[in-house]
file protein.txt (compact mmCIF, C-alpha atoms)
# COMPACT_ATOMS: atom_id res chain seq x y z
CA MET A 1 -86.47 31.69 -2.87
CA SER A 2 -87.00 33.18 0.58
CA GLU A 3 -89.22 36.15 1.23
CA VAL A 4 -87.44 39.50 1.44
CA LYS A 5 -87.92 41.12 4.81
CA ILE A 6 -88.37 44.86 5.08
CA SER A 7 -87.96 47.29 7.97
CA PHE A 8 -89.40 50.74 8.49
CA HIS A 9 -87.40 53.76 9.62
CA PRO A 10 -88.23 57.45 10.06
CA LEU A 11 -87.14 59.66 7.20
CA SER A 12 -83.82 61.22 8.15
CA VAL A 13 -81.09 63.36 6.66
CA GLN A 14 -79.15 60.13 6.08
CA ASN A 15 -81.86 58.44 3.98
CA LEU A 16 -83.38 61.56 2.38
CA SER A 17 -81.49 61.21 -0.92
CA ALA A 18 -82.56 57.57 -1.32
CA ALA A 19 -86.18 58.46 -0.48
CA LEU A 20 -86.16 61.25 -3.07
CA SER A 21 -84.73 58.85 -5.64
CA VAL A 22 -87.62 56.42 -5.09
CA ALA A 23 -90.19 59.24 -5.18
CA SER A 24 -88.78 60.73 -8.38
CA GLY A 25 -89.21 57.36 -10.10
CA VAL A 26 -92.92 57.44 -9.31
CA PHE A 27 -93.80 61.15 -9.18
CA PRO A 28 -91.27 62.88 -11.45
CA TYR A 29 -93.57 65.86 -12.06
CA ASN A 30 -94.02 66.48 -8.30
CA ILE A 31 -90.47 66.04 -7.06
CA ARG A 32 -90.09 69.67 -5.91
CA SER A 33 -93.24 69.43 -3.78
CA ILE A 34 -92.15 66.07 -2.41
CA GLU A 35 -88.69 67.33 -1.53
CA ALA A 36 -90.22 70.33 0.26
CA ALA A 37 -92.58 68.05 2.23
CA TYR A 38 -89.79 65.63 3.15
CA ARG A 39 -87.49 68.46 4.26
CA ASP A 40 -90.29 70.16 6.20
CA SER A 41 -90.98 66.91 8.08
CA LEU A 42 -87.35 66.98 9.24
CA ASP A 43 -87.66 70.58 10.52
CA PRO A 44 -90.16 70.98 13.37
CA LEU A 45 -89.94 74.78 13.06
CA SER A 46 -90.88 74.95 9.37
CA GLU A 47 -94.02 76.85 8.42
CA ARG A 48 -95.57 73.70 6.98
CA MET A 49 -95.00 71.82 10.25
CA LYS A 50 -96.63 74.61 12.24
CA LYS A 51 -99.83 74.20 10.17
CA ARG A 52 -100.00 70.44 10.66
CA ARG A 53 -100.79 68.27 13.62
CA LEU A 54 -98.82 65.50 12.00
CA LEU A 55 -96.28 65.33 9.17
CA ALA A 56 -94.04 62.29 9.24
CA TYR A 57 -92.39 60.22 6.53
CA PHE A 58 -90.85 56.79 6.70
CA VAL A 59 -88.74 54.62 4.44
CA ALA A 60 -89.02 50.87 3.98
CA THR A 61 -85.67 49.16 3.48
CA ASN A 62 -84.70 45.71 2.27
CA ASP A 63 -83.19 44.03 5.35
CA MET A 64 -80.61 42.17 3.25
CA THR A 65 -79.30 45.12 1.24
CA GLY A 66 -80.34 48.18 3.23
CA LYS A 67 -81.77 49.65 0.01
CA VAL A 68 -84.73 52.04 0.35
CA ILE A 69 -87.53 50.37 -1.60
CA ALA A 70 -90.58 52.38 -0.52
CA VAL A 71 -91.58 55.65 1.11
CA THR A 72 -94.74 56.39 3.06
CA GLY A 73 -96.05 59.26 5.11
CA LEU A 74 -98.81 60.39 7.41
CA TYR A 75 -100.08 63.91 7.76
CA ASN A 76 -102.97 65.95 9.09
CA HIS A 77 -103.47 69.55 8.01
CA LEU A 78 -105.13 71.40 10.88
CA ILE A 79 -107.02 73.76 8.59
CA ASP A 80 -108.42 71.26 6.07
CA HIS A 81 -108.82 68.03 8.04
CA SER A 82 -110.56 66.69 11.11
CA PRO A 83 -108.14 65.95 13.97
CA ASP A 84 -109.28 62.30 13.75
CA GLU A 85 -108.01 61.87 10.15
CA ALA A 86 -104.61 60.56 9.15
CA TRP A 87 -103.80 61.12 5.49
CA LEU A 88 -101.36 59.02 3.46
CA GLY A 89 -98.55 61.18 2.11
CA TRP A 90 -96.46 60.52 -1.00
CA PHE A 91 -96.72 56.73 -0.75
CA CYS A 92 -94.53 55.09 -3.39
CA VAL A 93 -92.60 51.93 -4.19
CA ASP A 94 -89.42 51.83 -6.26
CA PRO A 95 -90.62 50.88 -9.76
CA THR A 96 -87.87 48.23 -9.99
CA GLU A 97 -89.22 46.59 -6.81
CA ARG A 98 -92.92 46.45 -7.71
CA GLY A 99 -94.83 43.20 -7.79
CA LYS A 100 -92.99 41.76 -4.76
CA GLY A 101 -95.52 42.70 -2.06
CA PHE A 102 -93.57 45.68 -0.73
CA GLY A 103 -96.37 48.14 -1.49
CA ARG A 104 -98.91 46.04 0.40
CA LYS A 105 -96.59 45.61 3.39
CA THR A 106 -95.81 49.33 3.43
CA LEU A 107 -99.46 50.36 3.17
CA GLU A 108 -100.52 47.90 5.88
CA TRP A 109 -97.72 49.14 8.15
CA THR A 110 -98.81 52.76 7.56
CA ILE A 111 -102.47 51.99 8.31
CA GLU A 112 -101.49 50.22 11.54
CA ARG A 113 -99.27 53.13 12.55
CA ALA A 114 -102.21 55.55 12.06
CA ARG A 115 -104.47 53.22 14.08
CA ASP A 116 -101.87 52.93 16.86
CA MET A 117 -101.63 56.73 16.98
CA GLY A 118 -105.36 56.91 17.72
CA TYR A 119 -106.67 58.17 14.39
CA LYS A 120 -110.22 57.12 13.54
CA MET A 121 -110.06 57.55 9.76
CA PHE A 122 -107.33 56.82 7.23
CA ARG A 123 -107.60 58.76 3.98
CA LEU A 124 -105.69 59.31 0.81
CA TYR A 125 -106.02 60.90 -2.55
CA THR A 126 -104.66 59.47 -5.72
CA SER A 127 -105.37 59.92 -9.38
CA THR A 128 -105.94 58.18 -12.65
CA ASP A 129 -102.39 59.11 -13.72
CA SER A 130 -100.61 56.01 -15.04
CA ASN A 131 -98.01 56.15 -12.22
CA GLU A 132 -100.79 56.08 -9.63
CA ARG A 133 -103.34 53.95 -11.47
CA GLU A 134 -101.45 50.76 -10.62
CA ALA A 135 -102.08 51.30 -6.91
CA GLN A 136 -105.88 51.37 -7.24
CA SER A 137 -106.29 47.60 -6.90
CA LEU A 138 -104.02 47.62 -3.83
CA TYR A 139 -106.08 50.36 -2.20
CA GLU A 140 -109.29 48.52 -3.05
CA SER A 141 -108.00 45.21 -1.64
CA GLU A 142 -107.03 46.94 1.62
CA GLY A 143 -110.58 48.26 2.04
CA LEU A 144 -109.95 51.87 1.06
CA ALA A 145 -113.28 52.83 -0.47
CA ILE A 146 -113.75 55.70 -2.93
CA TYR A 147 -115.79 58.49 -1.36
CA LYS A 148 -115.20 61.29 -3.88
CA ARG A 149 -113.93 61.88 -7.41
CA GLU A 150 -113.19 65.18 -9.13
CA PRO A 151 -111.50 66.38 -12.30
CA SER A 152 -107.79 67.14 -11.96
CA GLU A 153 -107.00 70.82 -12.42
CA GLU A 154 -103.32 70.11 -13.08
CA HIS A 155 -103.84 67.26 -15.55
CA PRO A 156 -106.88 67.70 -17.83
CA GLY A 157 -108.60 64.42 -18.62
CA GLU A 158 -107.52 62.81 -15.35
CA GLU A 159 -109.38 62.49 -12.08
CA ILE A 160 -108.44 62.89 -8.43
CA ILE A 161 -109.75 59.94 -6.43
CA TYR A 162 -110.32 60.20 -2.66
CA ARG A 163 -110.34 56.99 -0.61
CA GLU A 164 -110.94 56.23 3.06
CA LEU A 165 -110.84 53.43 5.61
CA SER A 166 -112.40 53.55 9.07
CA LEU A 167 -109.84 52.72 11.75
CA ALA A 168 -112.40 52.61 14.59
call {"tool": "encode", "arguments": {"input": "protein.txt", "output": "structure tokens"}}
result
Amino acid sequence: MSEVKISFHPLSVQNLSAALSVASGVFPYNIRSIEAAYRDSLDPLSERMKKRRLLAYFVATNDMTGKVIAVTGLYNHLIDHSPDEAWLGWFCVDPTERGKGFGRKTLEWTIERARDMGYKMFRLYTSTDSNEREAQSLYESEGLAIYKREPSEEHPGEEIIYRELSLA
């Protein structure tokens, strides 16, 4: 069986519905926040865009079928983050497409994009939620070290995990 090739495209009005479908399969409890972030990234005049130096989302598609199989994003909030930090935003892989290397390819592509844009640090936060727990070994294997942990306010008994990778 040949390897499936994937391509990356900016989030657009045309692929927004497919991106939301993938995200809702991974983050069903956050879909309203995700939809707002995706829509804001498409509107340069939105209030959220005005507060960020960077807010961009991308979809990964299967080259054979055109199906959206993953979503990734980069952002930098001017108030909370150093201008040298790129943060991973709402990274997710279609649950039916997991285990095929798409998550790794998408994460590596995102890290390289941040590096190419001149960012010095790549950061993300994740949690011990079961939908996010699976990604921990991927993050670890890509060199994203844990630098902070804290209890989740939204989900008692879970933790928020902060990871980082130097791009310098």
call {"tool": "closest_atom_pairs", "arguments": {"input": "protein.txt", "of": "region 23-70 of chain A", "to": "region 85-93 of chain A", "cutoff": "8 Å", "atoms": "all atoms listed in the file", "output": "Markdown table"}}
result
| residue | atom | partner | partner_atom | distance |
| --- | --- | --- | --- | --- |
| A:Ala23 | CA | A:Cys92 | CA | 6.3 |
| A:Val26 | CA | A:Cys92 | CA | 6.6 |
| A:Ile34 | CA | A:Trp90 | CA | 7.2 |
| A:Tyr57 | CA | A:Gly89 | CA | 7.6 |
| A:Ile69 | CA | A:Val93 | CA | 5.9 |
| A:Ala70 | CA | A:Val93 | CA | 4.2 |
call {"tool": "write_last_selection", "arguments": {"input": "protein.txt", "atoms": "C-alpha atoms", "output": "mmCIF file, keeping the file's coordinate frame"}}
result
data_model
loop_
_atom_site.group_PDB
_atom_site.id
_atom_site.type_symbol
_atom_site.label_atom_id
_atom_site.label_comp_id
_atom_site.auth_asym_id
_atom_site.auth_seq_id
_atom_site.Cartn_x
_atom_site.Cartn_y
_atom_site.Cartn_z
ATOM 1 C CA ALA A 23 -90.190 59.240 -5.180
ATOM 2 C CA VAL A 26 -92.920 57.440 -9.310
ATOM 3 C CA ILE A 34 -92.150 66.070 -2.410
ATOM 4 C CA TYR A 57 -92.390 60.220 6.530
ATOM 5 C CA ILE A 69 -87.530 50.370 -1.600
ATOM 6 C CA ALA A 70 -90.580 52.380 -0.520
#
call {"tool": "residues_near_point", "arguments": {"input": "protein.txt", "point": "(-108.7, 65.4, -8.2)", "cutoff": "8 Å", "atoms": "all atoms listed in the file", "output": "PDB file with C-alpha atoms, in the coordinates of the input"}}
result
ATOM      1  CA  TYR A 125    -106.020  60.900  -2.550  1.00  0.00           C
ATOM      2  CA  THR A 126    -104.660  59.470  -5.720  1.00  0.00           C
ATOM      3  CA  SER A 127    -105.370  59.920  -9.380  1.00  0.00           C
ATOM      4  CA  ARG A 149    -113.930  61.880  -7.410  1.00  0.00           C
ATOM      5  CA  GLU A 150    -113.190  65.180  -9.130  1.00  0.00           C
ATOM      6  CA  PRO A 151    -111.500  66.380 -12.300  1.00  0.00           C
ATOM      7  CA  SER A 152    -107.790  67.140 -11.960  1.00  0.00           C
ATOM      8  CA  GLU A 153    -107.000  70.820 -12.420  1.00  0.00           C
ATOM      9  CA  GLU A 158    -107.520  62.810 -15.350  1.00  0.00           C
ATOM     10  CA  GLU A 159    -109.380  62.490 -12.080  1.00  0.00           C
ATOM     11  CA  ILE A 160    -108.440  62.890  -8.430  1.00  0.00           C
ATOM     12  CA  ILE A 161    -109.750  59.940  -6.430  1.00  0.00           C
ATOM     13  CA  TYR A 162    -110.320  60.200  -2.660  1.00  0.00           C
TER      14      TYR A 162
END
call {"tool": "atom_distance", "arguments": {"input": "protein.txt", "atom1": "CA of Ser130 (chain A)", "atom2": "CA of Tyr75 (chain A)"}}
result
24.1 Å
call {"tool": "residues_near_point", "arguments": {"input": "protein.txt", "point": "(-110.0, 59.8, 2.8)", "cutoff": "6 Å", "atoms": "all atoms listed in the file", "output": "list in words"}}
result
Phe122, Arg123, Leu124, Tyr162, Arg163 and Glu164 of chain A
call {"tool": "residues_around", "arguments": {"input": "protein.txt", "residues": "Phe102 (chain A)", "least_positions_apart": "2", "cutoff": "10 Å", "atoms": "all atoms listed in the file", "output": "PDB file with C-alpha atoms, in the coordinates of the input"}}
result
ATOM      1  CA  VAL A   4     -87.440  39.500   1.440  1.00  0.00           C
ATOM      2  CA  LYS A   5     -87.920  41.120   4.810  1.00  0.00           C
ATOM      3  CA  ILE A   6     -88.370  44.860   5.080  1.00  0.00           C
ATOM      4  CA  ALA A  60     -89.020  50.870   3.980  1.00  0.00           C
ATOM      5  CA  THR A  61     -85.670  49.160   3.480  1.00  0.00           C
ATOM      6  CA  ASN A  62     -84.700  45.710   2.270  1.00  0.00           C
ATOM      7  CA  ILE A  69     -87.530  50.370  -1.600  1.00  0.00           C
ATOM      8  CA  ALA A  70     -90.580  52.380  -0.520  1.00  0.00           C
ATOM      9  CA  CYS A  92     -94.530  55.090  -3.390  1.00  0.00           C
ATOM     10  CA  VAL A  93     -92.600  51.930  -4.190  1.00  0.00           C
ATOM     11  CA  ASP A  94     -89.420  51.830  -6.260  1.00  0.00           C
ATOM     12  CA  GLU A  97     -89.220  46.590  -6.810  1.00  0.00           C
ATOM     13  CA  ARG A  98     -92.920  46.450  -7.710  1.00  0.00           C
ATOM     14  CA  GLY A  99     -94.830  43.200  -7.790  1.00  0.00           C
ATOM     15  CA  LYS A 100     -92.990  41.760  -4.760  1.00  0.00           C
ATOM     16  CA  ARG A 104     -98.910  46.040   0.400  1.00  0.00           C
ATOM     17  CA  LYS A 105     -96.590  45.610   3.390  1.00  0.00           C
ATOM     18  CA  THR A 106     -95.810  49.330   3.430  1.00  0.00           C
ATOM     19  CA  LEU A 107     -99.460  50.360   3.170  1.00  0.00           C
ATOM     20  CA  GLU A 108    -100.520  47.900   5.880  1.00  0.00           C
TER      21      GLU A 108
END
call {"tool": "closest_residue", "arguments": {"input": "protein.txt", "among": "A:Ser41, A:Thr128, A:Ser137, A:Thr72", "to": "Leu54 (chain A)", "atoms": "all atoms listed in the file"}}
result
A:Ser41
call {"tool": "atom_distance", "arguments": {"input": "protein.txt", "atom1": "CA of His9 (chain A)", "atom2": "CA of His77 (chain A)"}}
result
22.6 Å
call {"tool": "atom_distance", "arguments": {"input": "protein.txt", "atom1": "CA of Asn76 (chain A)", "atom2": "CA of Gly103 (chain A)"}}
result
21.7 Å
call {"tool": "closest_residue", "arguments": {"input": "protein.txt", "among": "A:Val13, A:Val71, A:Met64, A:Val59", "to": "Phe27 (chain A)", "atoms": "all atoms listed in the file"}}
result
A:Val71
call {"tool": "closest_residue", "arguments": {"input": "protein.txt", "among": "A:Pro44, A:Phe58, A:Pro28, A:Gly101", "to": "Asp129 (chain A)", "atoms": "all atoms listed in the file"}}
result
A:Pro28
call {"tool": "closest_residue", "arguments": {"input": "protein.txt", "among": "A:Pro10, A:Gly66, A:Gly25, A:Pro156", "to": "Asn131 (chain A)", "atoms": "all atoms listed in the file"}}
result
A:Gly25
call {"tool": "axis_aligned_box", "arguments": {"input": "protein.txt", "around": "region 65-74 of chain A", "padding_each_side": "8 Å", "output": "AutoDock Vina command-line options"}}
result
--center_x -89.1 --center_y 52.8 --center_z 2.9 --size_x 35.5 --size_y 31.3 --size_z 25.0
